[in-house]
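Raw contents of upload_14.pdb, PDB, C-alpha atoms:
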```
MODEL        1
ATOM      1  CA  MET A   1      10.052 -10.927  -8.277
ATOM      2  CA  ASN A   2       8.170 -14.062  -9.322
ATOM      3  CA  GLY A   3       4.624 -13.431  -8.217
ATOM      4  CA  LEU A   4       4.367 -16.745  -6.393
ATOM      5  CA  LEU A   5       2.885 -17.259  -2.982
ATOM      6  CA  THR A   6       2.833 -20.476  -0.982
ATOM      7  CA  VAL A   7       0.545 -20.682   2.037
ATOM      8  CA  THR A   8       0.900 -23.566   4.464
ATOM      9  CA  VAL A   9      -1.702 -23.886   7.210
ATOM     10  CA  GLU A  10      -0.976 -25.626  10.497
ATOM     11  CA  LYS A  11      -2.967 -25.937  13.705
ATOM     12  CA  THR A  12      -0.915 -25.957  16.876
ATOM     13  CA  ASP A  13      -1.511 -28.191  19.857
ATOM     14  CA  PRO A  14      -2.329 -27.383  22.618
ATOM     15  CA  GLU A  15      -2.810 -23.678  21.804
ATOM     16  CA  GLY A  16      -5.275 -24.359  18.988
ATOM     17  CA  VAL A  17      -3.808 -21.555  16.908
ATOM     18  CA  VAL A  18      -4.261 -21.700  13.152
ATOM     19  CA  VAL A  19      -0.908 -20.642  11.706
ATOM     20  CA  TYR A  20      -0.681 -19.424   8.117
ATOM     21  CA  ILE A  21       2.917 -19.677   6.931
ATOM     22  CA  LEU A  22       3.347 -17.321   3.986
ATOM     23  CA  GLU A  23       6.283 -17.761   1.630
ATOM     24  CA  GLY A  24       7.034 -15.692  -1.466
ATOM     25  CA  GLU A  25       5.107 -12.637  -2.543
ATOM     26  CA  LEU A  26       1.695 -11.453  -1.383
ATOM     27  CA  ASP A  27       0.864  -8.985  -4.117
ATOM     28  CA  LEU A  28      -1.999  -7.863  -6.337
ATOM     29  CA  HIS A  29      -2.069 -11.266  -8.040
ATOM     30  CA  GLU A  30      -2.230 -13.358  -4.867
ATOM     31  CA  ALA A  31      -4.036 -11.185  -2.330
ATOM     32  CA  ALA A  32      -7.659 -11.787  -3.299
ATOM     33  CA  GLY A  33      -7.374 -15.582  -3.075
ATOM     34  CA  PHE A  34      -5.563 -15.409   0.243
ATOM     35  CA  LYS A  35      -8.057 -12.925   1.678
ATOM     36  CA  GLN A  36     -11.016 -15.077   0.694
ATOM     37  CA  LYS A  37      -9.489 -18.166   2.301
ATOM     38  CA  LEU A  38      -8.480 -16.339   5.462
ATOM     39  CA  ILE A  39     -11.881 -14.767   5.994
ATOM     40  CA  ALA A  40     -13.694 -18.011   5.182
ATOM     41  CA  ASP A  41     -11.576 -19.909   7.719
ATOM     42  CA  ILE A  42     -12.219 -17.314  10.422
ATOM     43  CA  LYS A  43     -15.957 -17.334   9.762
ATOM     44  CA  GLU A  44     -15.889 -21.124  10.012
ATOM     45  CA  GLY A  45     -14.429 -20.975  13.496
ATOM     46  CA  ALA A  46     -10.719 -20.125  13.463
ATOM     47  CA  THR A  47     -10.677 -17.749  16.423
ATOM     48  CA  LYS A  48      -6.929 -17.801  17.075
ATOM     49  CA  VAL A  49      -5.047 -16.904  13.914
ATOM     50  CA  LEU A  50      -1.352 -16.263  13.417
ATOM     51  CA  LEU A  51       0.213 -15.061  10.174
ATOM     52  CA  ASP A  52       3.871 -16.118  10.041
ATOM     53  CA  LEU A  53       5.632 -13.778   7.598
ATOM     54  CA  THR A  54       9.180 -14.986   8.247
ATOM     55  CA  ASN A  55       9.624 -16.109   4.630
ATOM     56  CA  LEU A  56       7.457 -13.483   2.966
ATOM     57  CA  LYS A  57       9.640 -11.494   0.581
ATOM     58  CA  TYR A  58       7.239  -8.889  -0.762
ATOM     59  CA  ILE A  59       3.906  -7.350   0.116
ATOM     60  CA  ASP A  60       1.855  -4.575  -1.448
ATOM     61  CA  SER A  61      -1.326  -2.750  -0.485
ATOM     62  CA  SER A  62      -3.461  -5.642  -1.751
ATOM     63  CA  GLY A  63      -1.656  -8.053   0.563
ATOM     64  CA  ILE A  64      -1.911  -5.690   3.496
ATOM     65  CA  GLY A  65      -5.607  -5.250   2.692
ATOM     66  CA  ALA A  66      -6.060  -9.017   2.945
ATOM     67  CA  MET A  67      -4.600  -8.943   6.459
ATOM     68  CA  ILE A  68      -6.773  -5.980   7.445
ATOM     69  CA  GLY A  69      -9.833  -7.877   6.196
ATOM     70  CA  GLY A  70      -8.784 -10.892   8.230
ATOM     71  CA  LEU A  71      -8.290  -8.827  11.361
ATOM     72  CA  GLN A  72     -11.627  -7.045  10.965
ATOM     73  CA  THR A  73     -13.386 -10.385  10.550
ATOM     74  CA  ALA A  74     -11.557 -11.913  13.520
ATOM     75  CA  VAL A  75     -12.429  -8.999  15.811
ATOM     76  CA  LYS A  76     -16.085  -9.141  14.779
ATOM     77  CA  SER A  77     -16.064 -12.846  15.586
ATOM     78  CA  GLY A  78     -14.501 -12.273  18.999
ATOM     79  CA  GLY A  79     -11.235 -13.800  17.822
ATOM     80  CA  LYS A  80      -7.605 -12.749  17.488
ATOM     81  CA  LEU A  81      -5.365 -12.335  14.462
ATOM     82  CA  LYS A  82      -1.681 -11.736  15.108
ATOM     83  CA  ILE A  83       1.445 -11.448  13.002
ATOM     84  CA  CYS A  84       4.997 -12.698  13.511
ATOM     85  CA  GLY A  85       8.313 -12.736  11.660
ATOM     86  CA  MET A  86       7.881  -9.374   9.947
ATOM     87  CA  ASN A  87      11.204  -8.285   8.411
ATOM     88  CA  ASP A  88      12.059  -4.650   7.667
ATOM     89  CA  SER A  89      11.001  -4.900   4.027
ATOM     90  CA  ILE A  90       7.538  -6.111   4.982
ATOM     91  CA  ARG A  91       7.243  -3.832   7.995
ATOM     92  CA  LYS A  92       7.869  -0.561   6.153
ATOM     93  CA  PRO A  93       4.602  -0.484   4.146
ATOM     94  CA  PHE A  94       2.683  -1.187   7.359
ATOM     95  CA  GLU A  95       4.457   1.723   9.033
ATOM     96  CA  LEU A  96       3.757   4.061   6.137
ATOM     97  CA  ALA A  97       0.057   3.205   6.258
ATOM     98  CA  ASN A  98       0.048   3.766  10.023
ATOM     99  CA  LEU A  99      -1.022   0.175  10.653
ATOM    100  CA  ILE A 100       1.682  -1.015  13.021
ATOM    101  CA  LYS A 101      -0.257  -0.440  16.221
ATOM    102  CA  PHE A 102      -3.349  -1.831  14.556
ATOM    103  CA  PHE A 103      -1.913  -5.359  14.645
ATOM    104  CA  GLU A 104      -0.331  -7.391  17.429
ATOM    105  CA  ILE A 105       3.125  -8.122  15.996
ATOM    106  CA  PHE A 106       5.695 -10.531  17.452
ATOM    107  CA  PRO A 107       9.305 -11.139  16.436
ATOM    108  CA  ASP A 108       8.917 -14.901  16.028
ATOM    109  CA  ARG A 109       6.389 -17.710  16.072
ATOM    110  CA  ALA A 110       7.250 -18.963  19.567
ATOM    111  CA  SER A 111       6.572 -15.628  21.252
ATOM    112  CA  ALA A 112       3.409 -15.153  19.250
ATOM    113  CA  LEU A 113       2.063 -18.580  20.217
ATOM    114  CA  ARG A 114       2.808 -17.917  23.893
ATOM    115  CA  SER A 115       0.698 -14.768  23.684
ATOM    116  CA  PHE A 116      -2.417 -16.787  22.813
ATOM    117  CA  THR A 117      -2.289 -18.792  26.060
TER     118      THR A 117
ATOM    119  CA  MET B   1      -1.131  24.008  27.754
ATOM    120  CA  THR B   2      -3.923  21.438  27.780
ATOM    121  CA  GLY B   3      -5.938  19.574  25.199
ATOM    122  CA  LYS B   4      -5.810  16.374  23.235
ATOM    123  CA  LYS B   5      -3.007  15.557  20.875
ATOM    124  CA  ARG B   6      -3.858  16.451  17.292
ATOM    125  CA  SER B   7      -1.598  15.196  14.517
ATOM    126  CA  ILE B   8      -1.002  17.127  11.336
ATOM    127  CA  VAL B   9      -3.033  15.384   8.652
ATOM    128  CA  LYS B  10      -1.687  15.447   5.134
ATOM    129  CA  LYS B  11      -3.996  15.956   2.159
ATOM    130  CA  LEU B  12      -4.056  15.092  -1.483
ATOM    131  CA  ILE B  13      -4.091  18.362  -3.370
ATOM    132  CA  VAL B  14      -5.130  19.514  -6.819
ATOM    133  CA  ASP B  15      -2.803  21.970  -8.559
ATOM    134  CA  GLU B  16      -2.877  21.912 -12.349
ATOM    135  CA  TYR B  17       0.318  23.936 -12.807
ATOM    136  CA  ASN B  18       2.407  22.481  -9.998
ATOM    137  CA  ASP B  19       6.136  22.077 -10.655
ATOM    138  CA  LEU B  20       5.744  18.333 -10.055
ATOM    139  CA  PHE B  21       4.175  18.140 -13.531
ATOM    140  CA  ASP B  22       7.270  19.567 -15.219
ATOM    141  CA  THR B  23       8.502  16.709 -17.430
ATOM    142  CA  ALA B  24      11.787  18.328 -18.512
ATOM    143  CA  ASP B  25      14.716  15.875 -18.379
ATOM    144  CA  MET B  26      12.485  12.999 -17.308
ATOM    145  CA  GLU B  27      12.420   9.582 -18.904
ATOM    146  CA  TYR B  28       9.143   8.611 -20.520
ATOM    147  CA  ARG B  29       7.238   5.486 -21.470
ATOM    148  CA  GLU B  30       3.699   4.482 -22.287
ATOM    149  CA  PHE B  31       2.291   1.213 -20.985
ATOM    150  CA  PRO B  32      -0.834  -0.693 -22.014
ATOM    151  CA  SER B  33      -3.578  -1.171 -19.415
ATOM    152  CA  ASP B  34      -2.573  -4.752 -18.670
ATOM    153  CA  TYR B  35      -3.203  -5.412 -14.976
ATOM    154  CA  SER B  36      -1.247  -8.672 -15.083
ATOM    155  CA  GLN B  37       1.895  -6.733 -16.047
ATOM    156  CA  VAL B  38       1.844  -4.047 -13.347
ATOM    157  CA  ARG B  39       4.949  -5.350 -11.614
ATOM    158  CA  VAL B  40       6.793  -5.941 -14.879
ATOM    159  CA  PHE B  41       6.137  -2.341 -15.936
ATOM    160  CA  THR B  42       7.214  -1.180 -12.505
ATOM    161  CA  GLU B  43      10.487  -3.084 -12.733
ATOM    162  CA  GLU B  44      11.199  -1.433 -16.091
ATOM    163  CA  ILE B  45      10.926   1.931 -14.376
ATOM    164  CA  VAL B  46      12.853   1.281 -11.155
ATOM    165  CA  ARG B  47      15.577  -1.072 -12.356
ATOM    166  CA  ASN B  48      18.031   1.770 -13.053
ATOM    167  CA  ALA B  49      17.337   3.644  -9.838
ATOM    168  CA  PRO B  50      20.313   4.076  -7.498
ATOM    169  CA  GLU B  51      20.408   1.331  -4.879
ATOM    170  CA  ALA B  52      20.123   3.949  -2.143
ATOM    171  CA  PHE B  53      16.748   4.977  -3.538
ATOM    172  CA  LYS B  54      15.386   1.445  -3.805
ATOM    173  CA  GLU B  55      15.243   0.866  -0.020
ATOM    174  CA  GLY B  56      14.944  -2.887  -0.476
ATOM    175  CA  ASN B  57      11.805  -3.268  -2.559
ATOM    176  CA  LEU B  58      10.003  -0.235  -1.127
ATOM    177  CA  LEU B  59      10.486   1.920  -4.232
ATOM    178  CA  HIS B  60       9.204  -0.892  -6.439
ATOM    179  CA  GLN B  61       6.206  -1.363  -4.169
ATOM    180  CA  GLN B  62       5.257   2.307  -4.063
ATOM    181  CA  VAL B  63       5.674   2.844  -7.806
ATOM    182  CA  SER B  64       3.655  -0.302  -8.518
ATOM    183  CA  GLU B  65       0.762   1.073  -6.459
ATOM    184  CA  ILE B  66       0.519   4.173  -8.637
ATOM    185  CA  ILE B  67       0.758   2.169 -11.866
ATOM    186  CA  LYS B  68      -1.849  -0.251 -10.552
ATOM    187  CA  ASN B  69      -4.242   2.567  -9.670
ATOM    188  CA  ALA B  70      -3.854   4.100 -13.125
ATOM    189  CA  ILE B  71      -4.516   0.815 -14.933
ATOM    190  CA  LYS B  72      -7.289  -0.486 -12.704
ATOM    191  CA  HIS B  73      -9.127   2.530 -11.324
ATOM    192  CA  GLY B  74      -8.202   5.040 -14.023
ATOM    193  CA  ASN B  75      -8.353   3.072 -17.245
ATOM    194  CA  LYS B  76     -10.599   0.284 -15.870
ATOM    195  CA  CYS B  77      -8.152  -2.189 -17.494
ATOM    196  CA  ASP B  78      -9.382  -1.055 -20.920
ATOM    197  CA  PRO B  79      -6.719  -2.386 -23.331
ATOM    198  CA  SER B  80      -7.305   0.511 -25.720
ATOM    199  CA  LYS B  81      -6.166   2.985 -23.050
ATOM    200  CA  LYS B  82      -2.567   3.797 -22.173
ATOM    201  CA  VAL B  83      -0.789   4.823 -19.023
ATOM    202  CA  LYS B  84       1.839   7.510 -19.499
ATOM    203  CA  VAL B  85       4.760   7.522 -17.070
ATOM    204  CA  TRP B  86       7.575  10.042 -16.622
ATOM    205  CA  TRP B  87      10.342   9.435 -14.093
ATOM    206  CA  SER B  88      13.684  10.761 -12.889
ATOM    207  CA  PHE B  89      16.207   9.554 -10.317
ATOM    208  CA  LYS B  90      18.371  12.655 -10.271
ATOM    209  CA  LYS B  91      19.030  13.432  -6.582
ATOM    210  CA  ARG B  92      15.523  12.185  -5.699
ATOM    211  CA  VAL B  93      12.749  10.078  -7.145
ATOM    212  CA  ARG B  94      10.222  11.912  -9.262
ATOM    213  CA  LEU B  95       7.314  10.227 -10.982
ATOM    214  CA  ILE B  96       4.349  11.431 -13.024
ATOM    215  CA  VAL B  97       1.616   8.982 -13.998
ATOM    216  CA  GLU B  98      -1.296   9.870 -16.261
ATOM    217  CA  ASP B  99      -4.190   7.644 -17.292
ATOM    218  CA  GLU B 100      -7.099   8.149 -19.686
ATOM    219  CA  GLY B 101      -9.826   7.740 -17.089
ATOM    220  CA  GLU B 102     -12.352  10.134 -15.585
ATOM    221  CA  GLY B 103     -10.066  11.162 -12.756
ATOM    222  CA  PHE B 104     -10.046  10.461  -9.015
ATOM    223  CA  GLN B 105     -13.527  11.792  -8.249
ATOM    224  CA  ASP B 106     -13.380  10.661  -4.599
ATOM    225  CA  LEU B 107     -10.360  12.829  -3.783
ATOM    226  CA  GLU B 108     -12.111  15.114  -1.286
ATOM    227  CA  GLN B 109     -13.968  12.171   0.217
ATOM    228  CA  TRP B 110     -10.646  10.390   0.638
ATOM    229  CA  ASN B 111      -9.100  13.426   2.360
ATOM    230  CA  GLU B 112     -11.993  13.420   4.814
ATOM    231  CA  PHE B 113     -11.527   9.672   5.354
ATOM    232  CA  LEU B 114      -7.857  10.235   6.213
ATOM    233  CA  ARG B 115      -8.725  13.061   8.615
ATOM    234  CA  ARG B 116     -11.249  10.871  10.462
ATOM    235  CA  ARG B 117      -8.813   7.961  10.518
ATOM    236  CA  GLN B 118      -6.051  10.086  12.049
ATOM    237  CA  GLU B 119      -8.521  11.513  14.551
ATOM    238  CA  ALA B 120      -9.407   7.976  15.644
ATOM    239  CA  ILE B 121      -5.703   7.168  16.074
ATOM    240  CA  ASP B 122      -5.125  10.326  18.125
ATOM    241  CA  ASN B 123      -8.107   9.466  20.308
ATOM    242  CA  ASN B 124      -7.036   5.827  20.723
ATOM    243  CA  ASP B 125     -10.474   4.964  19.363
ATOM    244  CA  PHE B 126      -9.691   1.439  18.222
ATOM    245  CA  GLU B 127     -13.211   0.626  17.065
ATOM    246  CA  THR B 128     -13.324   3.562  14.657
ATOM    247  CA  TYR B 129      -9.718   2.953  13.630
ATOM    248  CA  LEU B 130     -10.602  -0.652  12.847
ATOM    249  CA  ALA B 131     -13.503   0.461  10.666
ATOM    250  CA  LEU B 132     -11.304   3.036   8.909
ATOM    251  CA  ALA B 133      -8.187   0.886   8.549
ATOM    252  CA  SER B 134      -8.664   0.833   4.795
ATOM    253  CA  TYR B 135     -10.607   2.996   2.355
ATOM    254  CA  ARG B 136     -13.424   0.948   0.867
ATOM    255  CA  THR B 137     -16.181   1.979  -1.513
ATOM    256  CA  GLU B 138     -18.865   0.104  -3.426
ATOM    257  CA  LYS B 139     -16.332  -0.169  -6.259
ATOM    258  CA  SER B 140     -13.707  -1.959  -4.127
ATOM    259  CA  ASP B 141     -12.943  -5.631  -4.668
ATOM    260  CA  ASP B 142     -10.761  -8.155  -2.836
ATOM    261  CA  SER B 143      -7.640  -7.010  -4.687
ATOM    262  CA  ASP B 144      -8.093  -3.436  -3.492
ATOM    263  CA  GLY B 145      -6.183  -3.065  -0.273
ATOM    264  CA  GLY B 146      -7.598   0.391   0.408
ATOM    265  CA  ASN B 147      -4.351   1.438   2.055
ATOM    266  CA  SER B 148      -2.097   2.341  -0.875
ATOM    267  CA  LEU B 149      -2.825   6.068  -0.794
ATOM    268  CA  ILE B 150      -2.441   6.190   2.976
ATOM    269  CA  ALA B 151       1.102   4.859   2.596
ATOM    270  CA  ALA B 152       1.784   6.870  -0.555
ATOM    271  CA  ILE B 153       1.045  10.232   1.015
ATOM    272  CA  GLU B 154       3.700   9.411   3.630
ATOM    273  CA  TYR B 155       6.206   7.808   1.274
ATOM    274  CA  TRP B 156       6.189  10.659  -1.281
ATOM    275  CA  ASN B 157       7.614  13.056   1.257
ATOM    276  CA  GLY B 158       8.129  15.955  -1.161
ATOM    277  CA  GLY B 159       4.543  16.066  -2.365
ATOM    278  CA  MET B 160       1.724  14.245  -4.091
ATOM    279  CA  VAL B 161      -0.275  16.438  -6.441
ATOM    280  CA  TYR B 162      -3.144  15.822  -8.864
ATOM    281  CA  ASN B 163      -4.014  17.787 -11.982
ATOM    282  CA  LYS B 164      -7.411  19.457 -12.297
ATOM    283  CA  LYS B 165      -8.993  16.454 -14.008
ATOM    284  CA  LYS B 166      -7.414  14.221 -11.316
ATOM    285  CA  ASN B 167      -6.226  11.663 -13.852
ATOM    286  CA  LYS B 168      -2.576  12.628 -13.491
ATOM    287  CA  VAL B 169      -0.481  12.518 -10.343
ATOM    288  CA  GLY B 170       2.961  13.929  -9.722
ATOM    289  CA  VAL B 171       5.052  12.753  -6.776
ATOM    290  CA  VAL B 172       8.526  13.204  -5.365
ATOM    291  CA  ARG B 173      10.557  11.487  -2.654
ATOM    292  CA  TRP B 174      13.633  13.119  -1.224
ATOM    293  CA  TYR B 175      16.421  11.265   0.550
ATOM    294  CA  THR B 176      18.889  12.319   3.168
ATOM    295  CA  GLY B 177      22.135  12.615   1.232
ATOM    296  CA  GLY B 178      20.275  12.285  -2.053
ATOM    297  CA  SER B 179      22.411  14.930  -3.729
ATOM    298  CA  GLU B 180      25.468  12.708  -3.177
ATOM    299  CA  VAL B 181      23.952   9.795  -5.093
ATOM    300  CA  LYS B 182      25.424   9.401  -8.569
TER     301      LYS B 182
ENDMDL
END
```
Final structure tokens representation of the file:
Amino acid sequence: MNGLLTVTVEKTDPEGVVVYILEGELDLHEAAGFKQKLIADIKEGATKVLLDLTNLKYIDSSGIGAMIGGLQTAVKSGGKLKICGMNDSIRKPFELANLIKFFEIFPDRASALRSFT
Amino acid sequence: MTGKKRSIVKKLIVDEYNDLFDTADMEYREFPSDYSQVRVFTEEIVRNAPEAFKEGNLLHQQVSEIIKNAIKHGNKCDPSKKVKVWWSFKKRVRLIVEDEGEGFQDLEQWNEFLRRRQEAIDNNDFETYLALASYRTEKSDDSDGGNSLIAAIEYWNGGMVYNKKKNKVGVVRWYTGGSEVK
């Protein structure tokens, strides 16, 4: 537990997918800032969004809420927001909140990127 | 037999004298309403839990949600107000958290939200499900995920009960083989 989150943003070519690589902990201290950035980016035109959680170690309801907000904004904008690299520790809170079938979830980045084409 | 699938929908209940509020043999601590310390307080509580009960960091996450709710929504982060916590890891996880706030006044509204949400899932009504993915009110901010209670009511598989004032919650989680855990 260190309360630190690093977010790296990449845009893939040729798919044009904006990939958010999350490392660390997306908790009550980090979620609001991440949510604001994610939603702002989507509203500014990011219609293909992928959240890569491979190196995310911890998430709480605030972090999940940020992803829900991103998905709701993407859908309203006619876009897509998908998730990849979700380990068991991250997946369990999504399952408990009955959110698993709400998101398109892929085992790794490669399969997720293929799904956008 | 015909008809649409209907899932059983759990509810938050109010029961002032429920056994889940029995504090006998439970550890006890009071915490200040310091939102920045929610996870530190949580770690103090769960650090001595049996590994089998921790389930990775799931126990920490679920306990932190209840502490967070008490500090933020109960005590409104008022530093003069305390959060009282009782816990036990004997054969299962039991937790009681009490704040000094006005109580969870939206409890019945939340139960109705959960019923409508589950109905949308059963009906494969994605549009409604999307709108009801999280519980939001005019008091919600960007740190409020709106999904903590949805997960909690599933996680605390032995019950989740509020007192009459709704400022105290008692929960329990049972484990397969829990009685074998030392």
Exercise answer, chain A residues close to chain B, 9 Å and only C-alpha atoms, as a PyMOL selection string: chain A and resi 1+3+27-33+35-36+58-66+68-69+71-72+88-90+92-99+102
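Here CA of Glu16 in chain B stands at a distance of 14.6 Å from CA of Leu107 in chain B.
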Selection result of the PyMOL selection byres ((chain A and resi 81) around 8) on this file, as a ChimeraX atom specification: /A:47-51,70-71,74-75,79-80,82-83,103-104
For CA of Trp174 in chain B and CA of Trp87 in chain B, the interatomic separation in Å (one decimal): 13.8 Å
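Nearest-residue note for Val85 in chain B: choosing from B:Met160, B:Ala52, B:Val169, B:Leu12, the minimum distance belongs to B:Val169, counting all atoms listed in the file.
Minimum atom-to-atom distances from B:Lys164, B:Lys81, B:Lys72, B:Arg6 to Glu30 in chain B were compared using all atoms listed in the file, and the lowest value belongs to B:Lys81.
Shortest separation to Trp110 in chain B among B:Lys54, B:Lys11, B:Lys90, B:Arg173 occurs at residue B:Lys11, atoms counted being all atoms listed in the file.
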